[in-house]
Structure formats: C-alpha cells, structure tokens
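For reference, the structure discussed in these notes is given below.
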Amino acid sequence: MQCAQPLPRLLCLPHAGGSAVMFYPWRSRFAGLARVTPVELPGHGRRRTEPLVRDMGELVTLLAGELAAAADGPYVLYGHSFGALVAFELAHRLAGSAAGAPLALVVSGRNGPSVPHPRAALHDAPTGELLRGLRTLQGTLPAVEQNPELLEIFLPPLRADLKMAETYRRPELPRLSCPVQVVAGDLDPLVDDAGLARWQRETVAACPVERVRGGHMMYDSPTLHRCLDDLFGLVAR
C-alpha cells in the first residue's frame with residue numbers, strides 16, 4: 001500500500017523584530033493544504049535567550065543548517081519585508097542542500113533584493129526616532145512603546161534585524177529555478193512598482209506581482225492568502 005505524500009511545508013520568515021508567533025494562526029488557516037512552519041530567529045521569541053545574529057550570511061548559514069536537517073519533502077518559502085530577504089537567500093542556500101530547491105518563493109513588503117533600502121537607516125537611531133519611523137509602517141504597538149520593560153526586550157532584536165535589512169547588498173547569485181510570487185500594499189512607503197518588478201530578475205520562472213489595498217504590514221491580506229491557496233492547489237494536482 002502506497003503512503004500518501006506529505007503536505008508541503010510553508011516555511012515563514014517574519015519582518016524585522018518579528019517572532020514566529022505572528023504565523024501561528026496560519027496553521028489553521030492553511031490546514032489541509034500545507035504544514036505551516038514558522039521560523040524563529042536566534043534572539044527572538046522562544047529563542048530569545050540565544051545570541052542575536054547581526055550578519056545576513058551568518059544568519060542564513062545557521063537557518064539553512066537547521067531547516068535542511070529537518071527537510072522531509074517539498075516546501076515553499078515565505079518572507080515579509082526583512083523576512084523576504086532571508087527567504088530569498090535561503091532559497092539559494094537550501095537548493096544546494098538535502099532539502100533541494102523550494103517549490104516557490106513568496107515575498108511581500110520588499111522591493112527586489114538588488115534594490116537598496118529606500119529610507120534613511122533607523123537601526124542605530126535614538127529610540128524616539130526609531131519608534132517614530134516604525135509608526136509610519138504600523139510596526140509598533142502602544143503597549144510596547146509605553147512599557148520600558150517590553151521595550152528593553154523588543155528593541156535589541158529589532159535593531160539587529162534592521163541593520164541587516166538596511167545595509168543589505170545582494171551577493172552574486174544565479175537566478176532561481178522556482179517561481180517567485182510578489183505581494184505588496186499599494187500604500188507601502190518601502191516599495192514601488194519598479195522595485196517590485198526587479199524580483200523578475202531573480203528567477204527564470206514566473207514572477208507575478210500583486211498590489212493589494214494596504215500599507216506595509218499587510219502579511220494577513222486576503223490576496224496574499226489567496227495566492228498561497230492557489231499555489232498549494234497547484235501542488236496538490
């Protein structure tokens with residue numbers, strides 16, 4: 001008797017300062033289509049006792065080792081904003097590992113990796129300036145801003161991730177063989193049509209771009225969820 005093929009994994013990479021917990025609701029949302037696997041970065045969330053990583057190459061090497069060791073079938077990479085860059089580099093790194101190439105790379109809230117960060121750096125800015133900048137992206141919560149103890153926990157991983165995102169320079173890499181799906185809010189100040197179109201240069205496969213109503217923090221957009229539904233529907237055929 002032949003065993004049923006396992007559902008594909010959806011490996012989810014959060015935005016700067018984010019935690020795997022933001023993707024926990026996706027486990028029920030995509031139940032029956034994919035095994036949602038939120039990826040926790042060192043120094044974040046349940047891994048907050050581990051040292052923070054401030055270098056993209058070091059971070060990708062560490063995560064690729066962990067994810068390749070757990071590879072057990074087809075997978076899709078998804079990343080939002082800073083997470084889009086991490087997912088992009090992981091797609092390359094994992095392709096040469098036991099995991100093999102992903103079925104697809106899905107990104108949101110970020111121009112193509114060859115486009116420099118469009119704003120003045122915030123990772124080393126005074127706390128007040130940093131928080132004001134995040135408010136324009138809907139990236140902070142009043143409960144965090146008004147609680148010194150929560151801020152003390154929140155700021156170090158945020159600054160570490162922002163440093164990698166804001167100083168990122170795309171390394172020399174070949175084009176991916178998998179399709180890339182791009183989604184971004186039409187009011188997102190960190191992206192533009194030309195920058196989003198640059199993702200097409202990163203793959204020899206299809207690269208559709210969808211703009212949705214919303215700002216930067218649009219990773220729970222119904223359009224993004226539909227794109228993932230469609231992708232997993234194709235895999236199931």
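As shown in the structure tokens, the chain order sets the letters A, B, ...; within each chain, residues go from 1, and ligands are also counted from 1 in the order they appear.
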Name the residues of stretch 65-227 of chain A that come out as helix (DSSP H, G or I) in a backbone DSSP run; write them as a ChimeraX atom specification.
-> /A:65-69,82-95,127-135,142-145,148-166,193-202,222-227
Tell me, counting only C-alpha atoms, for each residue of stretch 50-101 of chain A within 8 Å of stretch 164-180 of chain A, which pair of atoms is nearest and how far apart they are in Å to one decimal, in rows ordered by chain and increasing number, as a Markdown table.
```
| residue | atom | partner | partner_atom | distance |
| --- | --- | --- | --- | --- |
| A:Arg54 | CA | A:Met164 | CA | 6.3 |
| A:Asp55 | CA | A:Met164 | CA | 6.3 |
| A:Met56 | CA | A:Met164 | CA | 6.0 |
| A:Phe82 | CA | A:Ala165 | CA | 5.5 |
| A:Leu85 | CA | A:Ala165 | CA | 7.6 |
| A:Ala91 | CA | A:Leu176 | CA | 7.7 |
| A:His92 | CA | A:Leu176 | CA | 7.0 |
| A:Ala101 | CA | A:Cys178 | CA | 7.4 |
```
Using all heavy atoms, can you write the selected residues to a file as a short mmCIF file (atom, residue, chain, number, x, y, z; two decimals), in the first residue's frame?
```
data_model
loop_
_atom_site.label_atom_id
_atom_site.label_comp_id
_atom_site.auth_asym_id
_atom_site.auth_seq_id
_atom_site.Cartn_x
_atom_site.Cartn_y
_atom_site.Cartn_z
N ARG A 54 23.72 39.44 13.69
CA ARG A 54 23.65 40.74 13.03
C ARG A 54 24.25 40.73 11.62
O ARG A 54 24.42 41.77 11.01
CB ARG A 54 24.36 41.79 13.88
CG ARG A 54 23.68 42.04 15.23
CD ARG A 54 24.45 43.00 16.10
NE ARG A 54 23.70 43.38 17.28
CZ ARG A 54 23.63 42.65 18.40
NH1 ARG A 54 24.30 41.51 18.48
NH2 ARG A 54 22.91 43.06 19.43
N ASP A 55 24.58 39.55 11.13
CA ASP A 55 25.16 39.40 9.80
C ASP A 55 24.29 38.45 8.98
O ASP A 55 23.98 37.33 9.43
CB ASP A 55 26.58 38.84 9.92
CG ASP A 55 27.20 38.58 8.56
OD1 ASP A 55 27.67 39.55 7.93
OD2 ASP A 55 27.19 37.41 8.11
N MET A 56 23.87 38.88 7.80
CA MET A 56 22.95 38.08 6.99
C MET A 56 23.55 36.74 6.60
O MET A 56 22.88 35.70 6.68
CB MET A 56 22.55 38.85 5.74
CG MET A 56 21.59 38.10 4.82
SD MET A 56 19.94 37.82 5.54
CE MET A 56 19.17 39.41 5.16
N PHE A 82 11.93 42.35 5.81
CA PHE A 82 13.24 41.76 6.09
C PHE A 82 13.21 40.25 5.87
O PHE A 82 14.16 39.65 5.34
CB PHE A 82 13.64 42.09 7.53
CG PHE A 82 14.74 41.25 8.10
CD1 PHE A 82 16.02 41.30 7.57
CD2 PHE A 82 14.50 40.40 9.17
CE1 PHE A 82 17.05 40.51 8.09
CE2 PHE A 82 15.51 39.61 9.71
CZ PHE A 82 16.80 39.67 9.16
N LEU A 85 14.04 39.04 2.37
CA LEU A 85 15.46 38.90 2.05
C LEU A 85 16.03 37.59 2.59
O LEU A 85 16.80 36.90 1.92
CB LEU A 85 16.25 40.07 2.63
CG LEU A 85 15.93 41.46 2.06
CD1 LEU A 85 16.75 42.52 2.80
CD2 LEU A 85 16.20 41.52 0.57
N ALA A 91 16.41 30.38 -0.14
CA ALA A 91 16.03 29.65 -1.36
C ALA A 91 17.27 29.21 -2.12
O ALA A 91 17.34 28.08 -2.64
CB ALA A 91 15.14 30.52 -2.24
N HIS A 92 18.27 30.09 -2.19
CA HIS A 92 19.53 29.73 -2.85
C HIS A 92 20.31 28.71 -2.04
O HIS A 92 20.82 27.72 -2.58
CB HIS A 92 20.38 30.99 -3.05
CG HIS A 92 19.93 31.85 -4.17
ND1 HIS A 92 20.26 31.59 -5.48
CD2 HIS A 92 19.15 32.95 -4.19
CE1 HIS A 92 19.73 32.52 -6.27
NE2 HIS A 92 19.05 33.36 -5.51
N ALA A 101 15.64 22.45 -3.98
CA ALA A 101 15.06 23.75 -4.29
C ALA A 101 13.61 23.83 -3.79
O ALA A 101 12.90 22.83 -3.76
CB ALA A 101 15.09 24.00 -5.80
#
```
Determine, counting only C-alpha atoms, which protein, DNA and RNA residues have an atom within 9 Å of an atom of A:Gly65; residues of the same chain fewer than 4 positions away are not included. Present the result as a short mmCIF file (atom, residue, chain, number, x, y, z; two decimals) with N, CA and C atoms, in the first residue's frame.
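Written file, result_26.cif:
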```cif
data_model
loop_
_atom_site.label_atom_id
_atom_site.label_comp_id
_atom_site.auth_asym_id
_atom_site.auth_seq_id
_atom_site.Cartn_x
_atom_site.Cartn_y
_atom_site.Cartn_z
N VAL A 60 21.80 33.19 7.59
CA VAL A 60 21.32 32.24 6.58
C VAL A 60 22.02 30.89 6.72
N THR A 61 23.31 30.92 7.02
CA THR A 61 24.04 29.66 7.23
C THR A 61 23.44 28.89 8.39
N ALA A 69 18.33 20.06 7.83
CA ALA A 69 18.34 18.87 8.68
C ALA A 69 16.93 18.34 8.91
N ALA A 70 15.94 19.25 8.84
CA ALA A 70 14.55 18.85 9.09
C ALA A 70 13.77 18.62 7.80
N LEU A 94 19.36 26.57 0.37
CA LEU A 94 18.73 25.25 0.54
C LEU A 94 18.71 24.46 -0.77
N SER A 97 21.31 21.94 -0.81
CA SER A 97 21.36 21.09 0.38
C SER A 97 20.47 19.87 0.19
#
```
- What is the distance, in Å and to one decimal place, between atom CA of A:Val115 and atom CA of A:Ala68?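 Spanning atom CA of A:Val115 to atom CA of A:Ala68 is a straight-line distance of 28.2 Å.
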TODO: Quick one: everything within 7 Å of stretch 87-90 of chain A, counting only C-alpha atoms, minus sequence neighbours fewer than 3 positions away in the same chain. Send it as a ChimeraX atom specification.
DONE: /A:13,60,64,77-79,83-84,93-94
Taking N, CA, C and O atoms for each residue, export the selection above as a PDB file, in the first residue's frame.
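Dumped to selection-v1.pdb:
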```pdb
ATOM      1  N   LEU A  13       9.124  33.375   7.302  1.00  0.00           N
ATOM      2  CA  LEU A  13      10.135  34.249   7.888  1.00  0.00           C
ATOM      3  C   LEU A  13       9.523  35.603   8.228  1.00  0.00           C
ATOM      4  O   LEU A  13       8.951  36.267   7.361  1.00  0.00           O
ATOM      5  N   VAL A  60      21.805  33.191   7.590  1.00  0.00           N
ATOM      6  CA  VAL A  60      21.320  32.243   6.577  1.00  0.00           C
ATOM      7  C   VAL A  60      22.019  30.895   6.721  1.00  0.00           C
ATOM      8  O   VAL A  60      21.390  29.837   6.580  1.00  0.00           O
ATOM      9  N   ALA A  64      19.788  27.715   7.420  1.00  0.00           N
ATOM     10  CA  ALA A  64      19.819  26.685   6.383  1.00  0.00           C
ATOM     11  C   ALA A  64      20.227  25.339   6.964  1.00  0.00           C
ATOM     12  O   ALA A  64      19.666  24.297   6.593  1.00  0.00           O
ATOM     13  N   LEU A  77       8.905  28.755   0.572  1.00  0.00           N
ATOM     14  CA  LEU A  77       9.443  29.781   1.460  1.00  0.00           C
ATOM     15  C   LEU A  77       8.608  31.045   1.344  1.00  0.00           C
ATOM     16  O   LEU A  77       8.288  31.485   0.236  1.00  0.00           O
ATOM     17  N   TYR A  78       8.233  31.612   2.497  1.00  0.00           N
ATOM     18  CA  TYR A  78       7.543  32.899   2.510  1.00  0.00           C
ATOM     19  C   TYR A  78       8.246  33.832   3.480  1.00  0.00           C
ATOM     20  O   TYR A  78       8.602  33.441   4.600  1.00  0.00           O
ATOM     21  N   GLY A  79       8.448  35.093   3.069  1.00  0.00           N
ATOM     22  CA  GLY A  79       9.029  36.078   3.966  1.00  0.00           C
ATOM     23  C   GLY A  79       8.418  37.445   3.735  1.00  0.00           C
ATOM     24  O   GLY A  79       8.118  37.823   2.595  1.00  0.00           O
ATOM     25  N   GLY A  83      12.115  39.616   6.264  1.00  0.00           N
ATOM     26  CA  GLY A  83      11.974  38.171   6.064  1.00  0.00           C
ATOM     27  C   GLY A  83      12.015  37.771   4.599  1.00  0.00           C
ATOM     28  O   GLY A  83      12.404  36.644   4.277  1.00  0.00           O
ATOM     29  N   ALA A  84      11.623  38.681   3.697  1.00  0.00           N
ATOM     30  CA  ALA A  84      11.691  38.384   2.268  1.00  0.00           C
ATOM     31  C   ALA A  84      13.141  38.208   1.824  1.00  0.00           C
ATOM     32  O   ALA A  84      13.450  37.350   0.993  1.00  0.00           O
ATOM     33  N   ARG A  93      20.424  28.938  -0.742  1.00  0.00           N
ATOM     34  CA  ARG A  93      21.256  28.075   0.096  1.00  0.00           C
ATOM     35  C   ARG A  93      20.670  26.661   0.202  1.00  0.00           C
ATOM     36  O   ARG A  93      21.397  25.666   0.124  1.00  0.00           O
ATOM     37  N   LEU A  94      19.359  26.566   0.374  1.00  0.00           N
ATOM     38  CA  LEU A  94      18.732  25.254   0.537  1.00  0.00           C
ATOM     39  C   LEU A  94      18.709  24.457  -0.765  1.00  0.00           C
ATOM     40  O   LEU A  94      18.672  23.225  -0.742  1.00  0.00           O
TER      41      LEU A  94
END
```
Q. Which neighbours of A:Val209 fall inside 9 Å, counting only C-alpha atoms, when residues of the same chain fewer than 5 positions from it are skipped, and could you give them as JSON, numbers by chain?
A. {"A": [180, 181, 182, 183, 184, 193, 196, 197, 199]}
Resulting file, chosen residues, N, CA, C and O atoms, as a CSV table (one decimal), in the first residue's frame:
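The file below, result-v8.csv, is the result:
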```csv
chain,number,residue,atom,x,y,z
A,180,VAL,N,8.5,32.9,-8.4
A,180,VAL,CA,8.5,33.9,-7.3
A,180,VAL,C,7.2,34.6,-7.3
A,180,VAL,O,6.8,35.2,-8.4
A,181,GLN,N,6.5,34.6,-6.2
A,181,GLN,CA,5.2,35.4,-6.1
A,181,GLN,C,5.4,36.6,-5.2
A,181,GLN,O,5.9,36.5,-4.1
A,182,VAL,N,5.1,37.8,-5.7
A,182,VAL,CA,5.3,39.0,-5.0
A,182,VAL,C,4.0,39.7,-4.7
A,182,VAL,O,3.1,39.8,-5.5
A,183,VAL,N,3.8,40.1,-3.4
A,183,VAL,CA,2.6,40.8,-3.0
A,183,VAL,C,3.1,42.0,-2.2
A,183,VAL,O,4.0,41.9,-1.4
A,184,ALA,N,2.4,43.2,-2.4
A,184,ALA,CA,2.7,44.4,-1.6
A,184,ALA,C,1.5,45.3,-1.5
A,184,ALA,O,0.7,45.4,-2.4
A,193,ASP,N,6.5,50.2,-7.8
A,193,ASP,CA,6.3,49.3,-8.9
A,193,ASP,C,7.6,48.8,-9.6
A,193,ASP,O,7.8,47.7,-9.9
A,196,LEU,N,9.5,46.5,-7.2
A,196,LEU,CA,8.8,45.1,-7.1
A,196,LEU,C,9.1,44.3,-8.4
A,196,LEU,O,9.2,43.1,-8.3
A,197,ALA,N,9.1,45.0,-9.5
A,197,ALA,CA,9.3,44.3,-10.8
A,197,ALA,C,10.7,43.7,-10.9
A,197,ALA,O,11.0,42.8,-11.6
A,199,TRP,N,12.1,41.8,-8.8
A,199,TRP,CA,12.1,40.4,-8.4
A,199,TRP,C,12.1,39.5,-9.7
A,199,TRP,O,12.6,38.3,-9.6
```
Inset, instruction - Record the distance separating atom CA of A:Arg198 and atom CA of A:Leu105, expressed in Å with one decimal. - result: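 These atoms are spaced 14.3 Å apart.
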Identify, on the basis of only C-alpha atoms, every residue whose closest approach to A:Val21 does not exceed 9 Å; exclude the query and any residue fewer than 5 positions from it along the same chain; express the result as JSON, numbers by chain. {"A": [38, 40, 45]}
Using only C-alpha atoms, the residue out of A:Leu155, A:Thr49, A:Leu7, A:Pro189 with shortest distance to A:Pro126 is A:Leu155
Closest of A:Pro25, A:Gly215, A:Gly128, A:Gly57 to A:Arg110, counting only C-alpha atoms, is A:Gly215
Checklist line | Residues flagged strand (DSSP E) by DSSP in stretch 8-149 of chain A, as a PyMOL selection string | finding: chain A and resi 9-13+35-38+75-80+104-108
May I have the selected residues written with N, CA and C atoms, as an mmCIF file, in the first residue's frame?
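The resulting file, again26.cif, is shown below:
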```cif
data_model
loop_
_atom_site.group_PDB
_atom_site.id
_atom_site.type_symbol
_atom_site.label_atom_id
_atom_site.label_comp_id
_atom_site.auth_asym_id
_atom_site.auth_seq_id
_atom_site.Cartn_x
_atom_site.Cartn_y
_atom_site.Cartn_z
ATOM 1 N N ARG A 9 5.570 21.855 3.137
ATOM 2 C CA ARG A 9 5.789 22.772 4.254
ATOM 3 C C ARG A 9 5.764 24.210 3.747
ATOM 4 N N LEU A 10 5.238 25.091 4.566
ATOM 5 C CA LEU A 10 5.315 26.526 4.299
ATOM 6 C C LEU A 10 6.206 27.117 5.385
ATOM 7 N N LEU A 11 7.451 27.441 5.026
ATOM 8 C CA LEU A 11 8.424 27.996 5.957
ATOM 9 C C LEU A 11 8.277 29.519 5.952
ATOM 10 N N CYS A 12 7.936 30.098 7.100
ATOM 11 C CA CYS A 12 7.565 31.514 7.183
ATOM 12 C C CYS A 12 8.618 32.314 7.932
ATOM 13 N N LEU A 13 9.124 33.375 7.302
ATOM 14 C CA LEU A 13 10.135 34.249 7.888
ATOM 15 C C LEU A 13 9.523 35.603 8.228
ATOM 16 N N ARG A 35 1.782 22.320 5.744
ATOM 17 C CA ARG A 35 2.223 22.276 7.134
ATOM 18 C C ARG A 35 2.976 23.581 7.408
ATOM 19 N N VAL A 36 2.304 24.513 8.034
ATOM 20 C CA VAL A 36 2.907 25.824 8.284
ATOM 21 C C VAL A 36 3.972 25.680 9.365
ATOM 22 N N THR A 37 5.184 26.146 9.037
ATOM 23 C CA THR A 37 6.325 26.060 9.953
ATOM 24 C C THR A 37 6.906 27.454 10.146
ATOM 25 N N PRO A 38 6.464 28.182 11.180
ATOM 26 C CA PRO A 38 7.043 29.497 11.461
ATOM 27 C C PRO A 38 8.506 29.349 11.878
ATOM 28 N N TYR A 75 8.639 22.026 -0.158
ATOM 29 C CA TYR A 75 8.406 23.172 0.724
ATOM 30 C C TYR A 75 8.322 24.458 -0.091
ATOM 31 N N VAL A 76 7.686 25.448 0.529
ATOM 32 C CA VAL A 76 7.585 26.802 -0.019
ATOM 33 C C VAL A 76 8.159 27.749 1.019
ATOM 34 N N LEU A 77 8.905 28.755 0.572
ATOM 35 C CA LEU A 77 9.443 29.781 1.460
ATOM 36 C C LEU A 77 8.608 31.045 1.344
ATOM 37 N N TYR A 78 8.233 31.612 2.497
ATOM 38 C CA TYR A 78 7.543 32.899 2.510
ATOM 39 C C TYR A 78 8.246 33.832 3.480
ATOM 40 N N GLY A 79 8.448 35.093 3.069
ATOM 41 C CA GLY A 79 9.029 36.078 3.966
ATOM 42 C C GLY A 79 8.418 37.445 3.735
ATOM 43 N N HIS A 80 8.243 38.185 4.842
ATOM 44 C CA HIS A 80 7.702 39.534 4.755
ATOM 45 C C HIS A 80 8.774 40.547 5.100
ATOM 46 N N ALA A 104 8.424 27.141 -4.492
ATOM 47 C CA ALA A 104 8.212 28.542 -4.838
ATOM 48 C C ALA A 104 8.768 29.414 -3.717
ATOM 49 N N LEU A 105 9.058 30.653 -4.075
ATOM 50 C CA LEU A 105 9.411 31.684 -3.105
ATOM 51 C C LEU A 105 8.303 32.724 -3.148
ATOM 52 N N VAL A 106 7.723 33.024 -2.000
ATOM 53 C CA VAL A 106 6.655 34.019 -1.893
ATOM 54 C C VAL A 106 7.162 35.143 -0.990
ATOM 55 N N VAL A 107 7.082 36.378 -1.476
ATOM 56 C CA VAL A 107 7.613 37.515 -0.726
ATOM 57 C C VAL A 107 6.573 38.630 -0.683
ATOM 58 N N SER A 108 6.647 39.424 0.383
ATOM 59 C CA SER A 108 5.755 40.582 0.490
ATOM 60 C C SER A 108 6.481 41.724 1.180
#
```
